file protein-v7.tsv (TSV, N, CA and C atoms)
chain	number	residue	atom	x	y	z
F	1359	MET	N	4.33	16.49	13.73
F	1359	MET	CA	4.66	15.14	14.11
F	1359	MET	C	6.07	14.80	13.60
F	1360	TYR	N	6.36	15.13	12.34
F	1360	TYR	CA	7.69	14.87	11.78
F	1360	TYR	C	8.75	15.57	12.63
F	1361	ASN	N	8.56	16.84	12.88
F	1361	ASN	CA	9.52	17.61	13.66
F	1361	ASN	C	9.73	16.99	15.05
F	1362	TYR	N	8.64	16.60	15.69
F	1362	TYR	CA	8.74	16.03	17.03
F	1362	TYR	C	9.54	14.72	17.01
F	1363	PHE	N	9.16	13.80	16.13
F	1363	PHE	CA	9.83	12.50	16.11
F	1363	PHE	C	11.27	12.58	15.61
F	1364	VAL	N	11.49	13.32	14.54
F	1364	VAL	CA	12.82	13.34	13.92
F	1364	VAL	C	13.76	14.33	14.60
F	1365	ASN	N	13.31	15.54	14.79
F	1365	ASN	CA	14.21	16.57	15.31
F	1365	ASN	C	14.29	16.59	16.85
F	1366	GLU	N	13.15	16.48	17.51
F	1366	GLU	CA	13.17	16.51	18.98
F	1366	GLU	C	13.55	15.16	19.59
F	1367	ARG	N	12.94	14.09	19.11
F	1367	ARG	CA	13.19	12.76	19.69
F	1367	ARG	C	14.37	12.04	19.02
F	1368	LYS	N	14.86	12.59	17.92
F	1368	LYS	CA	16.04	12.06	17.20
F	1368	LYS	C	15.83	10.64	16.69
F	1369	LEU	N	14.61	10.31	16.29
F	1369	LEU	CA	14.33	8.99	15.73
F	1369	LEU	C	14.69	9.00	14.24
F	1370	ASN	N	15.45	8.00	13.82
F	1370	ASN	CA	15.86	7.94	12.41
F	1370	ASN	C	15.51	6.61	11.75
F	1371	ASN	N	14.65	5.86	12.38
F	1371	ASN	CA	14.28	4.55	11.85
F	1371	ASN	C	12.79	4.47	11.51
F	1372	LEU	N	12.20	5.60	11.20
F	1372	LEU	CA	10.77	5.65	10.90
F	1372	LEU	C	10.54	5.59	9.39
F	1373	ILE	N	9.44	5.00	9.01
F	1373	ILE	CA	9.01	4.98	7.61
F	1373	ILE	C	7.77	5.85	7.54
F	1374	TRP	N	7.84	6.92	6.74
F	1374	TRP	CA	6.75	7.88	6.64
F	1374	TRP	C	5.87	7.53	5.45
F	1375	VAL	N	4.59	7.29	5.74
F	1375	VAL	CA	3.62	6.87	4.72
F	1375	VAL	C	2.57	7.95	4.55
F	1376	LEU	N	2.40	8.39	3.32
F	1376	LEU	CA	1.39	9.40	2.98
F	1376	LEU	C	0.21	8.72	2.31
F	1377	CYS	N	-0.98	8.98	2.82
F	1377	CYS	CA	-2.18	8.38	2.25
F	1377	CYS	C	-3.06	9.45	1.62
F	1378	PHE	N	-3.16	9.40	0.31
F	1378	PHE	CA	-4.11	10.24	-0.40
F	1378	PHE	C	-5.47	9.54	-0.40
F	1379	SER	N	-6.50	10.28	-0.72
F	1379	SER	CA	-7.81	9.67	-0.95
F	1379	SER	C	-7.78	9.03	-2.33
F	1380	GLY	N	-8.91	8.59	-2.81
F	1380	GLY	CA	-9.00	8.00	-4.14
F	1380	GLY	C	-8.74	9.00	-5.26
F	1381	ASN	N	-8.67	10.27	-4.91
F	1381	ASN	CA	-8.39	11.32	-5.87
F	1381	ASN	C	-7.15	12.09	-5.40
F	1382	PRO	N	-5.95	11.54	-5.64
F	1382	PRO	CA	-4.73	12.16	-5.13
F	1382	PRO	C	-4.55	13.59	-5.65
F	1383	GLU	N	-4.17	14.48	-4.74
F	1383	GLU	CA	-3.96	15.88	-5.09
F	1383	GLU	C	-2.56	16.30	-4.67
F	1384	ALA	N	-1.82	16.87	-5.62
F	1384	ALA	CA	-0.43	17.26	-5.39
F	1384	ALA	C	-0.28	18.26	-4.25
F	1385	GLU	N	-1.31	19.05	-3.99
F	1385	GLU	CA	-1.24	20.06	-2.93
F	1385	GLU	C	-1.00	19.44	-1.55
F	1386	TRP	N	-1.34	18.16	-1.40
F	1386	TRP	CA	-1.19	17.48	-0.11
F	1386	TRP	C	0.18	16.80	0.05
F	1387	TYR	N	0.99	16.84	-0.99
F	1387	TYR	CA	2.31	16.18	-0.95
F	1387	TYR	C	3.34	17.14	-0.35
F	1388	PRO	N	3.90	16.81	0.81
F	1388	PRO	CA	4.86	17.72	1.46
F	1388	PRO	C	6.27	17.64	0.88
F	1389	GLY	N	6.55	16.65	0.03
F	1389	GLY	CA	7.88	16.51	-0.56
F	1389	GLY	C	8.57	15.24	-0.10
F	1390	LYS	N	9.54	14.80	-0.90
F	1390	LYS	CA	10.19	13.51	-0.63
F	1390	LYS	C	10.98	13.48	0.68
F	1391	LYS	N	11.33	14.63	1.21
F	1391	LYS	CA	12.01	14.66	2.51
F	1391	LYS	C	11.11	14.08	3.61
F	1392	TYR	N	9.80	14.21	3.45
F	1392	TYR	CA	8.85	13.82	4.48
F	1392	TYR	C	8.07	12.55	4.17
F	1393	VAL	N	8.30	11.94	3.03
F	1393	VAL	CA	7.50	10.79	2.62
F	1393	VAL	C	8.40	9.69	2.08
F	1394	ASP	N	8.23	8.47	2.58
F	1394	ASP	CA	8.97	7.31	2.09
F	1394	ASP	C	8.12	6.45	1.17
F	1395	ILE	N	6.85	6.36	1.49
F	1395	ILE	CA	5.89	5.55	0.74
F	1395	ILE	C	4.62	6.37	0.61
F	1396	ALA	N	4.01	6.35	-0.58
F	1396	ALA	CA	2.76	7.09	-0.77
F	1396	ALA	C	1.73	6.17	-1.39
F	1397	GLY	N	0.48	6.53	-1.24
F	1397	GLY	CA	-0.57	5.72	-1.83
F	1397	GLY	C	-1.91	6.41	-1.74
F	1398	ALA	N	-2.92	5.65	-2.08
F	1398	ALA	CA	-4.28	6.16	-2.07
F	1398	ALA	C	-5.21	5.03	-1.68
F	1399	ASP	N	-6.47	5.37	-1.48
F	1399	ASP	CA	-7.43	4.31	-1.15
F	1399	ASP	C	-8.80	4.61	-1.74
F	1400	THR	N	-9.55	3.56	-1.91
F	1400	THR	CA	-10.93	3.64	-2.35
F	1400	THR	C	-11.59	2.31	-2.00
F	1401	TYR	N	-12.88	2.33	-1.88
F	1401	TYR	CA	-13.59	1.13	-1.45
F	1401	TYR	C	-14.49	0.59	-2.56
F	1402	HIS	N	-14.03	0.71	-3.79
F	1402	HIS	CA	-14.82	0.25	-4.93
F	1402	HIS	C	-15.09	-1.24	-4.85
F	1403	VAL	N	-16.07	-1.68	-5.59
F	1403	VAL	CA	-16.38	-3.11	-5.71
F	1403	VAL	C	-15.91	-3.54	-7.10
F	1404	GLY	N	-15.31	-4.70	-7.18
F	1404	GLY	CA	-14.80	-5.21	-8.44
F	1404	GLY	C	-13.30	-5.41	-8.37
F	1405	ASP	N	-12.76	-6.14	-9.34
F	1405	ASP	CA	-11.34	-6.52	-9.29
F	1405	ASP	C	-10.42	-5.58	-10.07
F	1406	ASP	N	-10.90	-4.41	-10.40
F	1406	ASP	CA	-10.14	-3.39	-11.12
F	1406	ASP	C	-8.86	-3.06	-10.34
F	1407	PRO	N	-7.69	-3.01	-11.01
F	1407	PRO	CA	-6.46	-2.68	-10.29
F	1407	PRO	C	-6.30	-1.20	-9.95
F	1408	LYS	N	-7.26	-0.38	-10.34
F	1408	LYS	CA	-7.24	1.06	-10.05
F	1408	LYS	C	-5.97	1.71	-10.62
F	1409	THR	N	-5.72	1.42	-11.88
F	1409	THR	CA	-4.53	1.91	-12.57
F	1409	THR	C	-4.47	3.43	-12.62
F	1410	GLU	N	-5.58	4.09	-12.88
F	1410	GLU	CA	-5.57	5.55	-12.94
F	1410	GLU	C	-5.17	6.15	-11.59
F	1411	MET	N	-5.71	5.60	-10.50
F	1411	MET	CA	-5.37	6.09	-9.17
F	1411	MET	C	-3.87	5.88	-8.90
F	1412	TYR	N	-3.36	4.71	-9.27
F	1412	TYR	CA	-1.95	4.39	-9.13
F	1412	TYR	C	-1.08	5.40	-9.89
F	1413	ARG	N	-1.44	5.63	-11.15
F	1413	ARG	CA	-0.66	6.56	-11.98
F	1413	ARG	C	-0.75	7.99	-11.46
F	1414	ASN	N	-1.89	8.36	-10.91
F	1414	ASN	CA	-2.03	9.70	-10.35
F	1414	ASN	C	-1.09	9.90	-9.16
F	1415	VAL	N	-0.95	8.87	-8.32
F	1415	VAL	CA	-0.01	8.97	-7.20
F	1415	VAL	C	1.42	9.06	-7.74
F	1416	LYS	N	1.76	8.21	-8.70
F	1416	LYS	CA	3.11	8.23	-9.29
F	1416	LYS	C	3.42	9.59	-9.91
F	1417	ALA	N	2.43	10.21	-10.54
F	1417	ALA	CA	2.64	11.52	-11.16
F	1417	ALA	C	3.00	12.57	-10.11
F	1418	ILE	N	2.53	12.39	-8.90
F	1418	ILE	CA	2.82	13.33	-7.82
F	1418	ILE	C	4.16	13.04	-7.16
F	1419	VAL	N	4.41	11.78	-6.84
F	1419	VAL	CA	5.59	11.43	-6.02
F	1419	VAL	C	6.79	10.96	-6.83
F	1420	GLY	N	6.61	10.67	-8.10
F	1420	GLY	CA	7.71	10.22	-8.94
F	1420	GLY	C	7.77	8.71	-9.07
F	1421	GLU	N	8.61	8.27	-9.96
F	1421	GLU	CA	8.70	6.85	-10.31
F	1421	GLU	C	9.44	6.00	-9.28
F	1422	LYS	N	10.29	6.59	-8.47
F	1422	LYS	CA	11.12	5.80	-7.56
F	1422	LYS	C	10.46	5.48	-6.23
F	1423	MET	N	9.42	6.22	-5.86
F	1423	MET	CA	8.79	5.99	-4.57
F	1423	MET	C	7.79	4.84	-4.66
F	1424	PRO	N	7.83	3.90	-3.70
F	1424	PRO	CA	6.84	2.82	-3.68
F	1424	PRO	C	5.43	3.40	-3.48
F	1425	VAL	N	4.47	2.79	-4.16
F	1425	VAL	CA	3.08	3.24	-4.08
F	1425	VAL	C	2.22	2.10	-3.55
F	1426	VAL	N	1.35	2.44	-2.59
F	1426	VAL	CA	0.51	1.44	-1.95
F	1426	VAL	C	-0.97	1.77	-2.11
F	1427	TYR	N	-1.76	0.74	-2.04
F	1427	TYR	CA	-3.22	0.85	-2.08
F	1427	TYR	C	-3.64	0.67	-0.62
F	1428	HIS	N	-3.72	1.78	0.11
F	1428	HIS	CA	-3.87	1.74	1.57
F	1428	HIS	C	-5.05	0.91	2.04
F	1429	GLU	N	-6.20	1.18	1.52
F	1429	GLU	CA	-7.40	0.45	1.93
F	1429	GLU	C	-8.25	0.22	0.68
F	1430	CYS	N	-8.80	-0.98	0.57
F	1430	CYS	CA	-9.63	-1.26	-0.60
F	1430	CYS	C	-10.88	-2.02	-0.18
F	1431	GLY	N	-11.91	-1.86	-0.99
F	1431	GLY	CA	-13.14	-2.61	-0.77
F	1431	GLY	C	-13.01	-4.02	-1.30
F	1432	THR	N	-12.35	-4.15	-2.46
F	1432	THR	CA	-12.06	-5.43	-3.08
F	1432	THR	C	-10.60	-5.43	-3.50
F	1433	PRO	N	-9.85	-6.46	-3.19
F	1433	PRO	CA	-8.45	-6.50	-3.62
F	1433	PRO	C	-8.36	-6.49	-5.15
F	1434	PRO	N	-7.35	-5.82	-5.69
F	1434	PRO	CA	-7.20	-5.81	-7.14
F	1434	PRO	C	-6.79	-7.19	-7.67
F	1435	ASN	N	-7.22	-7.48	-8.86
F	1435	ASN	CA	-6.87	-8.74	-9.50
F	1435	ASN	C	-5.38	-8.71	-9.86
F	1436	PRO	N	-4.57	-9.62	-9.32
F	1436	PRO	CA	-3.13	-9.60	-9.58
F	1436	PRO	C	-2.77	-9.72	-11.06
F	1437	ASP	N	-3.52	-10.52	-11.81
F	1437	ASP	CA	-3.22	-10.66	-13.24
F	1437	ASP	C	-3.48	-9.35	-13.98
F	1438	LYS	N	-4.55	-8.65	-13.61
F	1438	LYS	CA	-4.83	-7.36	-14.21
F	1438	LYS	C	-3.77	-6.33	-13.80
F	1439	CYS	N	-3.30	-6.41	-12.56
F	1439	CYS	CA	-2.23	-5.52	-12.12
F	1439	CYS	C	-0.98	-5.72	-12.98
F	1440	LEU	N	-0.64	-6.97	-13.23
F	1440	LEU	CA	0.53	-7.27	-14.07
F	1440	LEU	C	0.32	-6.75	-15.48
F	1441	GLN	N	-0.85	-7.00	-16.04
F	1441	GLN	CA	-1.14	-6.56	-17.41
F	1441	GLN	C	-1.06	-5.05	-17.56
F	1442	GLU	N	-1.53	-4.33	-16.55
F	1442	GLU	CA	-1.60	-2.88	-16.62
F	1442	GLU	C	-0.40	-2.19	-15.96
F	1443	LYS	N	0.57	-3.00	-15.49
F	1443	LYS	CA	1.76	-2.48	-14.81
F	1443	LYS	C	1.38	-1.58	-13.63
F	1444	THR	N	0.40	-2.04	-12.89
F	1444	THR	CA	-0.06	-1.36	-11.68
F	1444	THR	C	0.46	-2.16	-10.49
F	1445	MET	N	1.68	-1.88	-10.10
F	1445	MET	CA	2.37	-2.71	-9.12
F	1445	MET	C	2.33	-2.06	-7.74
F	1446	TRP	N	1.21	-2.26	-7.07
F	1446	TRP	CA	1.05	-1.78	-5.69
F	1446	TRP	C	2.06	-2.51	-4.81
F	1447	LEU	N	2.74	-1.77	-3.93
F	1447	LEU	CA	3.64	-2.40	-2.97
F	1447	LEU	C	2.85	-3.29	-2.02
F	1448	TRP	N	1.69	-2.77	-1.59
F	1448	TRP	CA	0.76	-3.56	-0.79
F	1448	TRP	C	-0.63	-3.02	-0.99
F	1449	TRP	N	-1.58	-3.82	-0.62
F	1449	TRP	CA	-2.97	-3.36	-0.50
F	1449	TRP	C	-3.52	-3.96	0.78
F	1450	MET	N	-4.46	-3.26	1.37
F	1450	MET	CA	-5.06	-3.75	2.60
F	1450	MET	C	-6.56	-3.85	2.40
F	1451	GLU	N	-7.06	-5.04	2.54
F	1451	GLU	CA	-8.49	-5.28	2.45
F	1451	GLU	C	-9.17	-4.71	3.68
F	1452	TRP	N	-10.18	-3.87	3.48
F	1452	TRP	CA	-10.89	-3.30	4.61
F	1452	TRP	C	-11.77	-4.38	5.23
F	1453	HIS	N	-12.10	-4.22	6.48
F	1453	HIS	CA	-12.77	-5.26	7.26
F	1453	HIS	C	-14.29	-5.24	7.14
F	1454	THR	N	-14.91	-5.99	7.96
F	1454	THR	CA	-16.36	-6.14	8.14
F	1454	THR	C	-17.07	-6.37	6.82
F	1455	SER	N	-18.06	-5.55	6.51
F	1455	SER	CA	-18.91	-5.84	5.35
F	1455	SER	C	-18.12	-5.86	4.05
F	1456	HIS	N	-17.06	-5.07	3.94
F	1456	HIS	CA	-16.26	-5.12	2.71
F	1456	HIS	C	-15.70	-6.53	2.51
F	1457	LEU	N	-15.11	-7.08	3.54
F	1457	LEU	CA	-14.53	-8.41	3.44
F	1457	LEU	C	-15.60	-9.48	3.34
F	1458	GLN	N	-16.66	-9.35	4.09
F	1458	GLN	CA	-17.71	-10.36	4.11
F	1458	GLN	C	-18.46	-10.46	2.79
F	1459	ASN	N	-18.48	-9.39	2.00
F	1459	ASN	CA	-19.24	-9.39	0.75
F	1459	ASN	C	-18.42	-9.80	-0.47
F	1460	ILE	N	-17.17	-10.16	-0.28
F	1460	ILE	CA	-16.33	-10.58	-1.41
F	1460	ILE	C	-16.46	-12.08	-1.61
F	1461	ASP	N	-16.53	-12.47	-2.86
F	1461	ASP	CA	-16.62	-13.88	-3.21
F	1461	ASP	C	-15.41	-14.63	-2.64
F	1462	LYS	N	-15.67	-15.68	-1.89
F	1462	LYS	CA	-14.60	-16.44	-1.20
F	1462	LYS	C	-13.61	-17.06	-2.19
F	1463	GLU	N	-14.10	-17.52	-3.33
F	1463	GLU	CA	-13.22	-18.11	-4.34
F	1463	GLU	C	-12.29	-17.05	-4.92
F	1464	TYR	N	-12.82	-15.84	-5.11
F	1464	TYR	CA	-11.98	-14.76	-5.61
F	1464	TYR	C	-10.87	-14.47	-4.60
F	1465	LEU	N	-11.22	-14.38	-3.32
F	1465	LEU	CA	-10.21	-14.13	-2.29
F	1465	LEU	C	-9.13	-15.22	-2.29
F	1466	LYS	N	-9.54	-16.47	-2.42
F	1466	LYS	CA	-8.56	-17.56	-2.46
F	1466	LYS	C	-7.63	-17.40	-3.65
F	1467	THR	N	-8.20	-17.06	-4.80
F	1467	THR	CA	-7.40	-16.87	-6.01
F	1467	THR	C	-6.39	-15.74	-5.81
F	1468	VAL	N	-6.84	-14.64	-5.23
F	1468	VAL	CA	-5.94	-13.50	-5.01
F	1468	VAL	C	-4.84	-13.86	-4.03
F	1469	TYR	N	-5.21	-14.39	-2.88
F	1469	TYR	CA	-4.21	-14.67	-1.84
F	1469	TYR	C	-3.26	-15.79	-2.21
F	1470	GLN	N	-3.65	-16.65	-3.13
F	1470	GLN	CA	-2.77	-17.75	-3.55
F	1470	GLN	C	-1.99	-17.42	-4.82
F	1471	HIS	N	-2.17	-16.24	-5.36
F	1471	HIS	CA	-1.49	-15.83	-6.59
F	1471	HIS	C	0.01	-15.72	-6.34
F	1472	LYS	N	0.82	-16.06	-7.35
F	1472	LYS	CA	2.28	-16.03	-7.20
F	1472	LYS	C	2.82	-14.62	-6.93
F	1473	LEU	N	2.08	-13.58	-7.29
F	1473	LEU	CA	2.51	-12.21	-7.06
F	1473	LEU	C	2.31	-11.77	-5.62
F	1474	ILE	N	1.41	-12.42	-4.90
F	1474	ILE	CA	1.01	-12.00	-3.57
F	1474	ILE	C	1.82	-12.74	-2.50
F	1475	ILE	N	2.36	-11.98	-1.56
F	1475	ILE	CA	3.07	-12.56	-0.43
F	1475	ILE	C	2.22	-12.32	0.81
F	1476	THR	N	1.84	-13.39	1.46
F	1476	THR	CA	1.05	-13.28	2.69
F	1476	THR	C	1.98	-13.42	3.89
F	1477	LEU	N	1.48	-13.06	5.06
F	1477	LEU	CA	2.30	-13.04	6.26
F	1477	LEU	C	3.04	-14.35	6.49
F	1478	ASP	N	2.39	-15.48	6.23
F	1478	ASP	CA	3.04	-16.77	6.47
F	1478	ASP	C	4.20	-17.03	5.50
F	1479	GLU	N	4.32	-16.21	4.44
F	1479	GLU	CA	5.40	-16.38	3.47
F	1479	GLU	C	6.56	-15.40	3.69
F	1480	VAL	N	6.40	-14.49	4.61
F	1480	VAL	CA	7.47	-13.52	4.89
F	1480	VAL	C	8.55	-14.24	5.69
F	1481	PRO	N	9.79	-14.18	5.21
F	1481	PRO	CA	10.85	-14.88	5.93
F	1481	PRO	C	11.11	-14.27	7.30
F	1482	ASP	N	11.49	-15.12	8.23
F	1482	ASP	CA	11.85	-14.67	9.57
F	1482	ASP	C	13.32	-14.25	9.53
F	1483	ILE	N	13.57	-12.97	9.28
F	1483	ILE	CA	14.95	-12.52	9.10
F	1483	ILE	C	15.77	-12.60	10.38
F	1484	VAL	N	15.11	-12.50	11.53
F	1484	VAL	CA	15.84	-12.63	12.78
F	1484	VAL	C	16.33	-14.08	12.93
F	1485	LYS	N	15.46	-15.02	12.64
F	1485	LYS	CA	15.84	-16.43	12.74
F	1485	LYS	C	16.88	-16.79	11.68
F	1486	ASN	N	16.68	-16.30	10.46
F	1486	ASN	CA	17.55	-16.68	9.35
F	1486	ASN	C	18.90	-15.96	9.35
F	1487	PHE	N	18.93	-14.74	9.86
F	1487	PHE	CA	20.16	-13.96	9.74
F	1487	PHE	C	20.70	-13.46	11.08
F	1488	GLY	N	20.00	-13.75	12.15
F	1488	GLY	CA	20.47	-13.33	13.45
F	1488	GLY	C	20.08	-11.89	13.77
F	1489	TYR	N	20.32	-11.52	14.97
F	1489	TYR	CA	19.98	-10.18	15.44
F	1489	TYR	C	21.24	-9.54	15.98
F	1490	ASN	N	21.52	-8.34	15.53
F	1490	ASN	CA	22.72	-7.63	16.00
F	1490	ASN	C	22.35	-6.59	17.00

call {"tool": "encode", "arguments": {"input": "protein-v7.tsv", "output": "structure tokens"}}
result
Amino acid sequence: MYNYFVNERKLNNLIWVLCFSGNPEAEWYPGKKYVDIAGADTYHVGDDPKTEMYRNVKAIVGEKMPVVYHECGTPPNPDKCLQEKTMWLWWMEWHTSHLQNIDKEYLKTVYQHKLIITLDEVPDIVKNFGYN
């Protein structure tokens, strides 16, 4: 896929995201030439920031690459993330029963936290800075 998009189609505006499972393994890392963002996922229940999983990804890809929590059963508690220096670039709440079974007050607390940026808070860069 990389060869097709980059070398054959000459696309140079792609962001390559590598998703490990909840147990990241270095053998699956193709190298920084092929990965811009890396992360892992798990569907655990609870507000744990999954610091060990985060650190395991960092140990593989290095300190400079952004790390994401691709899919989660419960969003991590932002205050715990700050305390444990587990700074996920993003996390994605999985749908259906995962989302339906989370305490609504907890979700409000997470989504309204000062650390979290939701879609309605993302600036419209085209409107603000124009399009070239």

call {"tool": "atom_distance", "arguments": {"input": "protein-v7.tsv", "atom1": "atom N of Phe1378 in chain F", "atom2": "CA of Gly1397 in chain F"}}
result
5.0 Å

call {"tool": "residues_around", "arguments": {"input": "protein-v7.tsv", "residues": "range 1413-1420 of chain F", "least_positions_apart": "5", "cutoff": "8 Å", "atoms": "all atoms listed in the file", "output": "PyMOL selection string"}}
result
chain F and resi 1381-1384+1387+1389-1390+1396-1398+1408+1425+1444

call {"tool": "atom_distance", "arguments": {"input": "protein-v7.tsv", "atom1": "atom N of Tyr1392 in chain F", "atom2": "atom N of Trp1448 in chain F"}}
result
19.5 Å

call {"tool": "closest_residue", "arguments": {"input": "protein-v7.tsv", "among": "F:Leu1477, F:Val1484, F:Met1423, F:Leu1457", "to": "Leu1376 in chain F", "atoms": "only C-alpha atoms"}}
result
F:Met1423

call {"tool": "atom_distance", "arguments": {"input": "protein-v7.tsv", "atom1": "atom C of Phe1363 in chain F", "atom2": "atom C of Val1393 in chain F"}}
result
14.1 Å

call {"tool": "select_by_dssp", "arguments": {"input": "protein-v7.tsv", "residues": "range 1362-1461 of chain F", "states": "strand (DSSP E or B)", "output": "ChimeraX atom specification"}}
result
/F:1375-1377,1395-1400,1425-1430,1449-1451

call {"tool": "residues_around", "arguments": {"input": "protein-v7.tsv", "residues": "range 1370-1372 of chain F", "least_positions_apart": "5", "cutoff": "10 Å", "atoms": "only C-alpha atoms", "output": "PyMOL selection string"}}
result
chain F and resi 1360+1363-1365+1394

call {"tool": "residues_around", "arguments": {"input": "protein-v7.tsv", "residues": "Pro1434 in chain F", "least_positions_apart": "4", "cutoff": "8 Å", "atoms": "all atoms listed in the file", "output": "list in words"}}
result
Gly1404, Asp1405, Asp1406, Pro1407, Lys1408, Cys1430, Lys1438, Cys1439, Trp1449 and Val1468 of chain F

call {"tool": "write_last_selection", "arguments": {"input": "protein-v7.tsv", "atoms": "N, CA and C atoms", "output": "compact mmCIF listing (two decimals), keeping the file's coordinate frame"}}
result
# COMPACT_ATOMS: atom_id res chain seq x y z
N GLY F 1404 -15.31 -4.70 -7.18
CA GLY F 1404 -14.80 -5.21 -8.44
C GLY F 1404 -13.30 -5.41 -8.37
N ASP F 1405 -12.76 -6.14 -9.34
CA ASP F 1405 -11.34 -6.52 -9.29
C ASP F 1405 -10.42 -5.58 -10.07
N ASP F 1406 -10.90 -4.41 -10.40
CA ASP F 1406 -10.14 -3.39 -11.12
C ASP F 1406 -8.86 -3.06 -10.34
N PRO F 1407 -7.69 -3.01 -11.01
CA PRO F 1407 -6.46 -2.68 -10.29
C PRO F 1407 -6.30 -1.20 -9.95
N LYS F 1408 -7.26 -0.38 -10.34
CA LYS F 1408 -7.24 1.06 -10.05
C LYS F 1408 -5.97 1.71 -10.62
N CYS F 1430 -8.80 -0.98 0.57
CA CYS F 1430 -9.63 -1.26 -0.60
C CYS F 1430 -10.88 -2.02 -0.18
N LYS F 1438 -4.55 -8.65 -13.61
CA LYS F 1438 -4.83 -7.36 -14.21
C LYS F 1438 -3.77 -6.33 -13.80
N CYS F 1439 -3.30 -6.41 -12.56
CA CYS F 1439 -2.23 -5.52 -12.12
C CYS F 1439 -0.98 -5.72 -12.98
N TRP F 1449 -1.58 -3.82 -0.62
CA TRP F 1449 -2.97 -3.36 -0.50
C TRP F 1449 -3.52 -3.96 0.78
N VAL F 1468 -6.84 -14.64 -5.23
CA VAL F 1468 -5.94 -13.50 -5.01
C VAL F 1468 -4.84 -13.86 -4.03

call {"tool": "closest_residue", "arguments": {"input": "protein-v7.tsv", "among": "F:Tyr1362, F:Asp1461, F:Arg1367, F:Gly1380", "to": "Glu1410 in chain F", "atoms": "only N, CA and C atoms"}}
result
F:Gly1380

call {"tool": "closest_residue", "arguments": {"input": "protein-v7.tsv", "among": "F:Glu1451, F:Glu1429, F:Glu1442, F:Asp1437", "to": "His1471 in chain F", "atoms": "all atoms listed in the file"}}
result
F:Asp1437
